[in-house]
Amino acid sequence: MPEIVVQGLTKTFIHKTTGQKVTAIERLDFEIGEGEIVGIVGKTGCGKSTFLSILLGVERPTEGRVLVDGKEPYRDFYYFKGKISAIFQQDLLLPWRTAIENVKLGLEILNYPKEKQIDISKAWLAKVGLEKFLNSYPGELSGGMRQRVAIARAFAINPEIILADEAFGHLDVVTATTLREDFNRLVREQKKTAVIVTHQLDEAVDMVDRVLVFGRPARLVADLQVPNGAKQSISEKKEFVERLHNLIENSG
């Protein structure tokens, strides 16, 4: 059974200034299986982040639907409490809370016992290499370290699905590469389903098993498995990235 089913999904907005209808998503159809790691790529403004908002239950579809485990995130919002977590480009840490206090925020909301909150949070901060920074505040941490706290917070609640929306695009190349590798390792170790939105095609090839190419407005232009050779061979990776680039450029 697929874990995520997208059927005829359409999302339109009314422009606040002009009053005109703007289509962000136009009849999306695809499925994502349990344990798949899928990337979404496309031009800026093609509705990638809007799709994630619908998947998170924050936005309501105009037409069609998204089903996760047979339920709709917007209609069954509280059913998904603790089942889906997300990492964004901005770490969204609370500046008045220490690293461990930020990680255990979701566990508090889910009413875990206090001792368990601390144990789980410590364990996840250790997994992301921050065991010596439990009591550091966000303002005392580098950008990469703050994003590590955000990753630990996302995994701590043991969600079924993890979403990443341009989560590494704002970091320097070395830090981003290390964080991508660590995130990818954790997703695979924990056997999570992951949906990763990125504008960096190299990142998509390195991290995911399958790439969805969105046109603008969001519609499915291509659904491609990442060839094993593209992860192992520089020339094959370059060829696949070029194919993705051409699909995006010609997607409208």
# chains A, B, ... in the order shown; residues from 1 in each chain; ligands from 1
$ residues_around --residues "Leu186 in chain A" --least-positions-apart "3" --cutoff "10 Å" --atoms "only C-alpha atoms" --output "list of chain:residue names"
A:Lys127, A:Val128, A:Ile151, A:Ala152, A:Phe155, A:Arg180, A:Glu181, A:Asp182, A:Phe183, A:Glu189, A:Gln190, A:Lys191, A:Lys192
$ write_last_selection --atoms "N, CA and C atoms" --output "PDB file, in the first residue's frame"
ATOM      1  N   LYS A 127      23.102  11.781  18.452  1.00  0.00           N
ATOM      2  CA  LYS A 127      23.114  11.229  17.095  1.00  0.00           C
ATOM      3  C   LYS A 127      23.527  12.271  16.059  1.00  0.00           C
ATOM      4  N   VAL A 128      23.236  13.550  16.346  1.00  0.00           N
ATOM      5  CA  VAL A 128      23.611  14.605  15.387  1.00  0.00           C
ATOM      6  C   VAL A 128      24.898  15.313  15.819  1.00  0.00           C
ATOM      7  N   ILE A 151      17.020  19.054  13.092  1.00  0.00           N
ATOM      8  CA  ILE A 151      16.939  17.666  12.625  1.00  0.00           C
ATOM      9  C   ILE A 151      16.628  16.734  13.805  1.00  0.00           C
ATOM     10  N   ALA A 152      17.332  16.935  14.922  1.00  0.00           N
ATOM     11  CA  ALA A 152      17.083  16.115  16.110  1.00  0.00           C
ATOM     12  C   ALA A 152      15.642  16.266  16.577  1.00  0.00           C
ATOM     13  N   PHE A 155      13.256  14.226  14.299  1.00  0.00           N
ATOM     14  CA  PHE A 155      13.317  12.774  14.488  1.00  0.00           C
ATOM     15  C   PHE A 155      12.843  12.337  15.876  1.00  0.00           C
ATOM     16  N   ARG A 180      23.595  16.971   4.836  1.00  0.00           N
ATOM     17  CA  ARG A 180      22.822  16.124   3.915  1.00  0.00           C
ATOM     18  C   ARG A 180      23.157  14.651   4.144  1.00  0.00           C
ATOM     19  N   GLU A 181      24.448  14.354   4.266  1.00  0.00           N
ATOM     20  CA  GLU A 181      24.872  12.966   4.483  1.00  0.00           C
ATOM     21  C   GLU A 181      24.323  12.428   5.802  1.00  0.00           C
ATOM     22  N   ASP A 182      24.395  13.245   6.857  1.00  0.00           N
ATOM     23  CA  ASP A 182      23.910  12.806   8.169  1.00  0.00           C
ATOM     24  C   ASP A 182      22.388  12.610   8.152  1.00  0.00           C
ATOM     25  N   PHE A 183      21.669  13.563   7.541  1.00  0.00           N
ATOM     26  CA  PHE A 183      20.215  13.464   7.458  1.00  0.00           C
ATOM     27  C   PHE A 183      19.816  12.208   6.674  1.00  0.00           C
ATOM     28  N   GLU A 189      18.471   4.768   8.281  1.00  0.00           N
ATOM     29  CA  GLU A 189      18.597   3.943   9.483  1.00  0.00           C
ATOM     30  C   GLU A 189      17.246   3.767  10.177  1.00  0.00           C
ATOM     31  N   GLN A 190      16.494   4.848  10.241  1.00  0.00           N
ATOM     32  CA  GLN A 190      15.208   4.833  10.940  1.00  0.00           C
ATOM     33  C   GLN A 190      14.057   4.352  10.061  1.00  0.00           C
ATOM     34  N   LYS A 191      14.384   4.067   8.775  1.00  0.00           N
ATOM     35  CA  LYS A 191      13.394   3.552   7.821  1.00  0.00           C
ATOM     36  C   LYS A 191      12.177   4.468   7.696  1.00  0.00           C
ATOM     37  N   LYS A 192      12.459   5.764   7.561  1.00  0.00           N
ATOM     38  CA  LYS A 192      11.397   6.750   7.409  1.00  0.00           C
ATOM     39  C   LYS A 192      11.036   6.966   5.937  1.00  0.00           C
TER      40      LYS A 192
END
$ select_by_dssp --residues "range 11-242 of chain A" --states "strand (DSSP E or B)" --output "count of residues only"
56
$ closest_residue --among "A:Ala126, A:Val66, A:Ala156, A:Ala167" --to "Leu110 in chain A" --atoms "only C-alpha atoms"
A:Ala156
$ closest_residue --among "A:Thr175, A:Thr98, A:Gln117, A:Asn111" --to "Pro138 in chain A" --atoms "only C-alpha atoms"
A:Thr98
$ closest_residue --among "A:Gly144, A:Gly139, A:Gly35, A:Pro73" --to "Phe51 in chain A" --atoms "only C-alpha atoms"
A:Pro73
$ select_by_dssp --residues "range 80-197 of chain A" --states "helix (DSSP H, G or I)" --output "PyMOL selection string"
chain A and resi 80+99-103+105-109+114-127+138-140+143-156+173-189
$ atom_distance --atom1 "CA of Pro61 in chain A" --atom2 "CA of Phe13 in chain A"
10.3 Å
$ residues_around --residues "Glu101 in chain A" --least-positions-apart "3" --cutoff "12 Å" --atoms "only C-alpha atoms" --output "PyMOL selection string"
chain A and resi 93-98+104-108+114+117-122+125+133-138+149-150+152-153+156
$ write_last_selection --atoms "C-alpha atoms" --output "PDB file, in the first residue's frame"
ATOM      1  CA  LEU A  93      14.302  27.199  17.031  1.00  0.00           C
ATOM      2  CA  LEU A  94      12.885  29.054  20.014  1.00  0.00           C
ATOM      3  CA  PRO A  95      15.699  31.427  21.088  1.00  0.00           C
ATOM      4  CA  TRP A  96      14.760  31.328  24.764  1.00  0.00           C
ATOM      5  CA  ARG A  97      15.064  27.539  24.930  1.00  0.00           C
ATOM      6  CA  THR A  98      18.296  25.549  25.050  1.00  0.00           C
ATOM      7  CA  LYS A 104      11.906  18.025  23.450  1.00  0.00           C
ATOM      8  CA  LEU A 105       9.253  20.541  22.377  1.00  0.00           C
ATOM      9  CA  GLY A 106       7.381  18.013  20.223  1.00  0.00           C
ATOM     10  CA  LEU A 107       7.619  15.406  22.971  1.00  0.00           C
ATOM     11  CA  GLU A 108       6.059  17.872  25.401  1.00  0.00           C
ATOM     12  CA  LYS A 114       9.309  14.243  31.476  1.00  0.00           C
ATOM     13  CA  GLN A 117      11.490  13.625  27.020  1.00  0.00           C
ATOM     14  CA  ILE A 118      14.974  14.273  28.368  1.00  0.00           C
ATOM     15  CA  ASP A 119      16.320  10.795  27.543  1.00  0.00           C
ATOM     16  CA  ILE A 120      15.054  10.882  23.960  1.00  0.00           C
ATOM     17  CA  SER A 121      16.265  14.449  23.390  1.00  0.00           C
ATOM     18  CA  LYS A 122      19.741  13.664  24.740  1.00  0.00           C
ATOM     19  CA  LEU A 125      21.364  15.381  20.090  1.00  0.00           C
ATOM     20  CA  PHE A 133      25.807  21.421  23.559  1.00  0.00           C
ATOM     21  CA  LEU A 134      22.661  20.288  25.381  1.00  0.00           C
ATOM     22  CA  ASN A 135      22.361  23.503  27.341  1.00  0.00           C
ATOM     23  CA  SER A 136      23.483  25.928  24.636  1.00  0.00           C
ATOM     24  CA  TYR A 137      21.005  28.493  23.332  1.00  0.00           C
ATOM     25  CA  PRO A 138      20.437  28.963  19.578  1.00  0.00           C
ATOM     26  CA  VAL A 149      19.077  20.730  16.529  1.00  0.00           C
ATOM     27  CA  ALA A 150      16.157  21.095  14.100  1.00  0.00           C
ATOM     28  CA  ALA A 152      17.083  16.115  16.110  1.00  0.00           C
ATOM     29  CA  ARG A 153      13.746  17.743  16.962  1.00  0.00           C
ATOM     30  CA  ALA A 156      12.710  12.834  18.252  1.00  0.00           C
TER      31      ALA A 156
END
$ closest_atom_pairs --of "range 78-158 of chain A" --to "range 197-206 of chain A" --cutoff "12 Å" --atoms "only C-alpha atoms" --output "JSON lines"
{"residue": "A:Ala86", "atom": "CA", "partner": "A:Val197", "partner_atom": "CA", "distance": 11.0}
{"residue": "A:Ile87", "atom": "CA", "partner": "A:Val197", "partner_atom": "CA", "distance": 10.4}
{"residue": "A:Phe88", "atom": "CA", "partner": "A:Val197", "partner_atom": "CA", "distance": 9.7}
{"residue": "A:Gln89", "atom": "CA", "partner": "A:Thr198", "partner_atom": "CA", "distance": 10.1}
$ closest_residue --among "A:Leu224, A:Val103, A:Val211, A:Leu244" --to "Ile40 in chain A" --atoms "only C-alpha atoms"
A:Val211
$ closest_residue --among "A:Ala123, A:Ile100, A:Tyr79, A:Ala24" --to "Ser53 in chain A" --atoms "only C-alpha atoms"
A:Ala24
$ residues_around --residues "Ala222 in chain A" --least-positions-apart "5" --cutoff "10 Å" --atoms "only C-alpha atoms" --output "JSON, numbers by chain"
{"A": [211, 212, 213, 214, 215, 244, 247, 248, 251]}
$ write_last_selection --atoms "N, CA and C atoms" --output "short mmCIF file (atom, residue, chain, number, x, y, z; two decimals), in the first residue's frame"
data_model
loop_
_atom_site.label_atom_id
_atom_site.label_comp_id
_atom_site.auth_asym_id
_atom_site.auth_seq_id
_atom_site.Cartn_x
_atom_site.Cartn_y
_atom_site.Cartn_z
N VAL A 211 12.92 11.00 -8.19
CA VAL A 211 12.75 12.45 -8.35
C VAL A 211 11.46 12.75 -9.08
N LEU A 212 10.65 13.63 -8.49
CA LEU A 212 9.45 14.15 -9.15
C LEU A 212 9.78 15.54 -9.67
N VAL A 213 9.61 15.75 -10.96
CA VAL A 213 9.85 17.06 -11.57
C VAL A 213 8.51 17.76 -11.73
N PHE A 214 8.37 18.93 -11.08
CA PHE A 214 7.14 19.72 -11.17
C PHE A 214 7.28 20.80 -12.24
N GLY A 215 6.21 21.01 -12.99
CA GLY A 215 6.14 22.17 -13.87
C GLY A 215 5.60 23.35 -13.08
N LEU A 244 17.60 16.25 -15.71
CA LEU A 244 16.67 16.95 -14.83
C LEU A 244 16.59 18.42 -15.17
N LEU A 247 14.54 19.00 -18.27
CA LEU A 247 13.11 18.81 -18.00
C LEU A 247 12.51 20.03 -17.29
N ILE A 248 13.26 20.57 -16.33
CA ILE A 248 12.78 21.74 -15.60
C ILE A 248 12.70 22.96 -16.51
N SER A 251 9.70 22.91 -18.75
CA SER A 251 8.43 22.55 -18.09
C SER A 251 7.41 23.68 -18.11
#
$ atom_distance --atom1 "CA of Gly39 in chain A" --atom2 "CA of Val208 in chain A"
5.8 Å
$ closest_residue --among "A:Glu249, A:Glu31, A:Asp165, A:Glu72" --to "Thr50 in chain A" --atoms "only C-alpha atoms"
A:Asp165
$ decode --residues "range 2-142 of chain A" --atoms "C-alpha atoms" --output "compact mmCIF listing (two decimals), in the first residue's frame"
# COMPACT_ATOMS: atom_id res chain seq x y z
CA PRO A 2 1.36 3.47 -0.86
CA GLU A 3 1.78 5.72 2.16
CA ILE A 4 1.04 8.97 0.31
CA VAL A 5 -1.53 9.17 -2.50
CA VAL A 6 -2.04 12.40 -4.46
CA GLN A 7 -5.15 12.43 -6.64
CA GLY A 8 -6.13 15.29 -8.96
CA LEU A 9 -4.65 17.79 -6.50
CA THR A 10 -5.32 21.43 -7.38
CA LYS A 11 -4.69 24.54 -5.27
CA THR A 12 -5.68 28.06 -6.23
CA PHE A 13 -5.31 31.33 -4.34
CA ILE A 14 -6.93 34.73 -4.79
CA HIS A 15 -4.30 37.47 -5.21
CA LYS A 16 -4.79 39.97 -2.38
CA THR A 17 -4.08 43.02 -4.55
CA THR A 18 -5.57 42.17 -7.94
CA GLY A 19 -8.27 39.75 -6.85
CA GLN A 20 -7.23 37.41 -9.64
CA LYS A 21 -7.18 33.65 -9.21
CA VAL A 22 -3.65 32.20 -9.08
CA THR A 23 -3.11 28.48 -9.64
CA ALA A 24 -0.25 27.07 -7.57
CA ILE A 25 -0.96 23.35 -8.16
CA GLU A 26 -2.74 21.93 -11.20
CA ARG A 27 -3.99 18.33 -11.09
CA LEU A 28 -1.13 16.48 -9.46
CA ASP A 29 -1.28 12.69 -9.44
CA PHE A 30 1.35 10.38 -7.93
CA GLU A 31 1.99 7.94 -5.10
CA ILE A 32 4.84 7.52 -2.60
CA GLY A 33 5.40 4.16 -0.97
CA GLU A 34 6.29 3.50 2.65
CA GLY A 35 10.02 3.95 3.22
CA GLU A 36 10.64 5.77 -0.08
CA ILE A 37 12.91 8.80 -0.18
CA VAL A 38 11.55 11.10 -2.85
CA GLY A 39 12.82 14.45 -4.09
CA ILE A 40 10.72 17.22 -5.62
CA VAL A 41 12.42 19.65 -8.00
CA GLY A 42 11.21 22.45 -10.27
CA LYS A 43 11.46 26.14 -11.02
CA THR A 44 11.09 28.72 -8.25
CA GLY A 45 7.42 29.36 -7.60
CA CYS A 46 6.23 26.06 -9.05
CA GLY A 47 4.20 25.08 -5.98
CA LYS A 48 6.66 22.72 -4.26
CA SER A 49 6.30 24.34 -0.85
CA THR A 50 2.54 24.70 -1.31
CA PHE A 51 2.34 20.96 -1.84
CA LEU A 52 4.25 20.37 1.41
CA SER A 53 1.85 22.72 3.23
CA ILE A 54 -1.07 20.58 2.02
CA LEU A 55 0.77 17.42 3.05
CA LEU A 56 1.29 18.94 6.51
CA GLY A 57 -2.42 19.79 6.73
CA VAL A 58 -1.74 23.54 6.88
CA GLU A 59 -3.39 24.27 3.51
CA ARG A 60 -6.63 22.84 2.17
CA PRO A 61 -6.82 21.53 -1.41
CA THR A 62 -9.10 23.43 -3.77
CA GLU A 63 -9.80 20.24 -5.71
CA GLY A 64 -8.60 16.66 -5.47
CA ARG A 65 -6.99 15.28 -2.37
CA VAL A 66 -3.90 14.02 -0.59
CA LEU A 67 -4.22 10.82 1.40
CA VAL A 68 -1.71 9.66 3.99
CA ASP A 69 -2.46 6.24 5.42
CA GLY A 70 -5.91 6.68 3.86
CA LYS A 71 -6.66 9.94 5.69
CA GLU A 72 -6.56 13.58 4.58
CA PRO A 73 -4.11 15.78 6.54
CA TYR A 74 -6.33 18.89 6.44
CA ARG A 75 -9.56 17.13 7.42
CA ASP A 76 -7.95 14.77 9.94
CA PHE A 77 -5.34 17.22 11.28
CA TYR A 78 -5.20 15.85 14.82
CA TYR A 79 -4.87 12.25 13.63
CA PHE A 80 -1.47 13.22 12.22
CA LYS A 81 -0.18 14.69 15.47
CA GLY A 82 3.32 13.24 15.82
CA LYS A 83 3.11 11.29 12.55
CA ILE A 84 4.64 13.91 10.22
CA SER A 85 7.53 16.25 11.00
CA ALA A 86 9.32 18.84 8.90
CA ILE A 87 12.64 20.63 8.59
CA PHE A 88 12.71 24.01 6.87
CA GLN A 89 15.35 26.34 5.49
CA GLN A 90 15.10 28.37 8.69
CA ASP A 91 15.67 26.26 11.77
CA LEU A 92 12.71 27.84 13.64
CA LEU A 93 14.30 27.20 17.03
CA LEU A 94 12.88 29.05 20.01
CA PRO A 95 15.70 31.43 21.09
CA TRP A 96 14.76 31.33 24.76
CA ARG A 97 15.06 27.54 24.93
CA THR A 98 18.30 25.55 25.05
CA ALA A 99 19.13 22.89 22.46
CA ILE A 100 17.66 20.08 24.56
CA GLU A 101 14.59 22.16 25.37
CA ASN A 102 14.03 22.80 21.65
CA VAL A 103 14.38 19.11 20.80
CA LYS A 104 11.91 18.03 23.45
CA LEU A 105 9.25 20.54 22.38
CA GLY A 106 7.38 18.01 20.22
CA LEU A 107 7.62 15.41 22.97
CA GLU A 108 6.06 17.87 25.40
CA ILE A 109 3.18 18.48 22.99
CA LEU A 110 2.70 14.71 22.67
CA ASN A 111 2.64 14.42 26.50
CA TYR A 112 5.64 12.11 26.86
CA PRO A 113 6.73 11.62 30.50
CA LYS A 114 9.31 14.24 31.48
CA GLU A 115 12.14 11.78 32.06
CA LYS A 116 11.50 10.19 28.68
CA GLN A 117 11.49 13.63 27.02
CA ILE A 118 14.97 14.27 28.37
CA ASP A 119 16.32 10.80 27.54
CA ILE A 120 15.05 10.88 23.96
CA SER A 121 16.26 14.45 23.39
CA LYS A 122 19.74 13.66 24.74
CA ALA A 123 19.95 10.59 22.53
CA TRP A 124 19.01 12.51 19.38
CA LEU A 125 21.36 15.38 20.09
CA ALA A 126 24.11 12.76 20.45
CA LYS A 127 23.11 11.23 17.10
CA VAL A 128 23.61 14.61 15.39
CA GLY A 129 26.90 15.25 17.18
CA LEU A 130 25.72 17.84 19.71
CA GLU A 131 25.98 15.89 22.98
CA LYS A 132 28.27 18.62 24.37
CA PHE A 133 25.81 21.42 23.56
CA LEU A 134 22.66 20.29 25.38
CA ASN A 135 22.36 23.50 27.34
CA SER A 136 23.48 25.93 24.64
CA TYR A 137 21.01 28.49 23.33
CA PRO A 138 20.44 28.96 19.58
CA GLY A 139 22.29 32.27 19.67
CA GLU A 140 25.40 30.43 20.87
CA LEU A 141 25.35 27.93 17.99
CA SER A 142 26.47 28.17 14.37
